[in-house]
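> Structure file query-v2.txt (compact mmCIF, C-alpha atoms) is given on the next line.
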# COMPACT_ATOMS: atom_id res chain seq x y z
CA MET J 182 -57.88 25.73 -23.36
CA ILE J 183 -59.08 22.67 -21.48
CA THR J 184 -62.35 23.35 -19.63
CA SER J 185 -63.03 20.04 -17.85
CA ILE J 186 -62.56 16.29 -17.84
CA HIS J 187 -65.18 14.01 -19.42
CA THR J 188 -64.98 10.50 -17.99
CA MET J 189 -66.80 7.52 -19.48
CA MET J 190 -68.10 4.22 -18.18
CA TYR J 191 -68.91 1.36 -20.51
CA SER J 192 -71.75 -0.52 -18.85
CA ASP J 193 -73.35 -3.93 -19.30
CA ASP J 194 -76.62 -2.26 -18.19
CA ALA J 195 -76.40 1.41 -19.13
CA ALA J 196 -79.96 2.18 -17.97
CA ALA J 197 -79.23 0.79 -14.48
CA THR J 198 -75.89 2.61 -14.26
CA ARG J 199 -77.49 5.89 -15.35
CA ALA J 200 -80.34 5.44 -12.86
CA PHE J 201 -77.83 4.78 -10.06
CA LEU J 202 -75.82 7.91 -10.87
CA ARG J 203 -78.99 10.00 -11.11
CA ASP J 204 -81.09 8.55 -8.28
CA VAL J 205 -78.58 7.23 -5.72
CA LEU J 206 -75.65 9.59 -6.17
CA GLY J 207 -78.02 12.45 -7.04
CA TRP J 208 -75.91 13.78 -9.89
CA PRO J 209 -77.66 16.30 -12.14
CA CYS J 210 -77.63 15.43 -15.82
CA VAL J 211 -78.56 16.50 -19.30
CA ALA J 212 -79.97 14.27 -22.01
CA ALA J 213 -78.20 14.02 -25.34
CA GLU J 214 -80.11 15.57 -28.25
CA PHE J 215 -80.06 12.32 -30.22
CA ASP J 216 -81.42 10.10 -27.39
CA PRO J 217 -83.28 11.24 -24.24
CA GLU J 218 -82.05 8.12 -22.38
CA TRP J 219 -78.39 8.99 -23.07
CA LEU J 220 -77.55 11.01 -19.96
CA ILE J 221 -74.43 13.06 -19.33
CA PHE J 222 -73.77 13.73 -15.64
CA LYS J 223 -72.29 16.63 -13.74
CA SER J 224 -69.89 14.83 -11.44
CA GLY J 225 -68.55 17.71 -9.40
CA PRO J 226 -65.03 19.06 -8.96
CA SER J 227 -62.27 16.81 -10.22
CA GLU J 228 -58.60 16.09 -9.95
CA MET J 229 -56.32 13.57 -11.63
CA GLY J 230 -53.47 11.58 -10.21
CA VAL J 231 -50.89 9.71 -12.26
CA HIS J 232 -49.64 6.49 -10.70
CA PRO J 233 -46.69 4.46 -12.00
CA THR J 234 -47.27 0.96 -13.30
CA ARG J 235 -44.26 -0.17 -11.26
CA SER J 236 -43.01 1.32 -8.01
CA GLU J 237 -41.27 0.48 -4.76
CA TRP J 238 -42.32 1.87 -1.41
CA GLU J 239 -41.28 0.85 2.08
CA GLY J 240 -39.46 -2.21 0.72
CA LYS J 241 -42.43 -3.53 -1.24
CA THR J 242 -42.75 -3.61 -5.04
CA TYR J 243 -46.07 -2.64 -6.65
CA VAL J 244 -46.94 -3.60 -10.22
CA HIS J 245 -50.19 -2.59 -11.94
CA PRO J 246 -51.30 -2.82 -15.57
CA ARG J 247 -51.92 0.41 -17.45
CA HIS J 248 -55.52 1.43 -16.87
CA HIS J 249 -57.84 4.28 -15.83
CA ALA J 250 -59.81 4.31 -12.59
CA ILE J 251 -62.62 6.43 -11.18
CA SER J 252 -62.73 7.16 -7.46
CA LEU J 253 -65.36 9.20 -5.65
CA MET J 254 -64.12 11.47 -2.86
CA CYS J 255 -65.98 12.59 0.26
CA ASP J 256 -65.31 14.57 3.44
CA ASP J 257 -66.86 12.07 5.91
CA ILE J 258 -66.88 8.46 4.73
CA GLU J 259 -69.12 7.12 7.51
CA ALA J 260 -71.80 9.75 6.84
CA THR J 261 -71.54 9.28 3.07
CA VAL J 262 -71.81 5.48 3.29
CA SER J 263 -74.84 5.83 5.58
CA GLU J 264 -76.53 8.32 3.25
CA LEU J 265 -75.87 6.18 0.17
CA ARG J 266 -77.09 3.00 1.92
CA ALA J 267 -80.34 4.82 2.75
CA LYS J 268 -80.74 5.42 -1.00
CA GLY J 269 -80.17 1.74 -1.81
CA ALA J 270 -76.42 1.65 -2.46
CA THR J 271 -74.44 -1.44 -1.54
CA PHE J 272 -70.76 -1.82 -0.75
CA ARG J 273 -68.16 -4.55 -1.02
CA GLY J 274 -66.52 -5.04 2.37
CA GLY J 275 -66.13 -2.44 5.06
CA ILE J 276 -64.29 0.83 5.38
CA GLN J 277 -60.52 0.33 5.32
CA ASP J 278 -57.69 2.64 6.30
CA GLU J 279 -55.04 3.12 3.62
CA VAL J 280 -52.06 5.47 3.61
CA TYR J 281 -53.90 7.88 1.28
CA GLY J 282 -57.29 7.79 3.00
CA ARG J 283 -60.24 5.78 4.27
CA ILE J 284 -61.82 3.68 1.50
CA ILE J 285 -64.70 1.39 0.66
CA MET J 286 -65.75 -0.14 -2.66
CA LEU J 287 -69.12 1.07 -3.97
CA ILE J 288 -71.04 -1.45 -6.10
CA VAL J 289 -72.35 0.32 -9.22
CA PRO J 290 -74.89 -1.58 -11.37
CA GLY J 291 -73.60 -2.59 -14.81
CA VAL J 292 -69.98 -1.50 -14.28
CA ASP J 293 -67.02 -2.34 -12.07
CA ASP J 294 -66.99 -1.18 -8.45
CA MET J 295 -65.87 2.37 -7.76
CA GLN J 296 -63.69 3.33 -4.84
CA LEU J 297 -65.24 5.82 -2.44
CA TYR J 298 -62.69 7.50 -0.24
CA GLN J 299 -62.07 10.19 2.31
CA PRO J 300 -58.65 11.52 1.33
CA MET J 301 -55.90 11.91 3.88
CA HIS J 302 -53.66 13.71 1.37
CA LYS J 303 -53.62 17.20 -0.10
CA THR J 304 -56.34 17.61 -2.69
CA ALA J 305 -56.20 19.57 -5.94
CA TYR J 306 -59.89 19.80 -6.87
CA GLY J 307 -60.33 23.16 -5.13
CA LEU J 308 -57.43 24.93 -6.89
Please, can you express the file's structure as structure tokens?

Amino acid sequence: MITSIHTMMYSDDAAATRAFLRDVLGWPCVAAEFDPEWLIFKSGPSEMGVHPTRSEWEGKTYVHPRHHAISLMCDDIEATVSELRAKGATFRGGIQDEVYGRIIMLIVPGVDDMQLYQPMHKTAYGL
């Protein structure tokens, strides 16, 4: 059956993105047999949510295009942001409170920003 989820990023600077994932986030990796620079990262436990492209909540309508998104989860957002900043990470804006958790946008070289968040909802990654 299914053993895991393999996510992909298409980067304008793959070497910089790979270095960030390896050196700043500290994710272990393996190199592909065909190219030692082509790294595949262990990204930790995962879960997947499915959001509607159109919804209404508390009298407000939300419309989003179909797309995929990658969010990084943490237990303590202040500590995680501080640790990542010490490793050279930068963020767009400050920590914000949302209904689902506390969030901040992590700037990742070569790709779009990734949301870092401390969830305030039940999580499934430990099931």
> Could you check which of J:Val280, J:Val205, J:Val244, J:Leu308 is closest to J:Val262, using only C-alpha atoms?
J:Val205
> What is the atom CA of J:Arg283-atom CA of J:Gln299 distance in Å, reported with one decimal?
5.2 Å
> Taking 6 positions as the minimum chain separation for residues in the same chain, which residues sit within 9 Å of J:Ser192 when counting all atoms listed in the file? Answer as a CSV table (one decimal) with C-alpha atoms, in the coordinates of the input.

chain,number,residue,atom,x,y,z
J,198,THR,CA,-75.9,2.6,-14.3
J,290,PRO,CA,-74.9,-1.6,-11.4
J,291,GLY,CA,-73.6,-2.6,-14.8
J,292,VAL,CA,-70.0,-1.5,-14.3
J,293,ASP,CA,-67.0,-2.3,-12.1
> Quick one: everything within 8 Å of stretch 223-226 of chain J, counting all atoms listed in the file, minus sequence neighbours fewer than 2 positions away in the same chain. Send it as a list in words.
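My reading of the contact set: Trp208, Pro209, Cys210, Ile221, Glu228, Tyr306 and Gly307 of chain J.
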> Ranking J:Glu237, J:Asp294, J:Asp278, J:Glu218 by minimum distance to J:Ala196 and counting only C-alpha atoms, which one comes first?
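Once distances to J:Ala196 are computed over only C-alpha atoms, the minimum belongs to J:Glu218.
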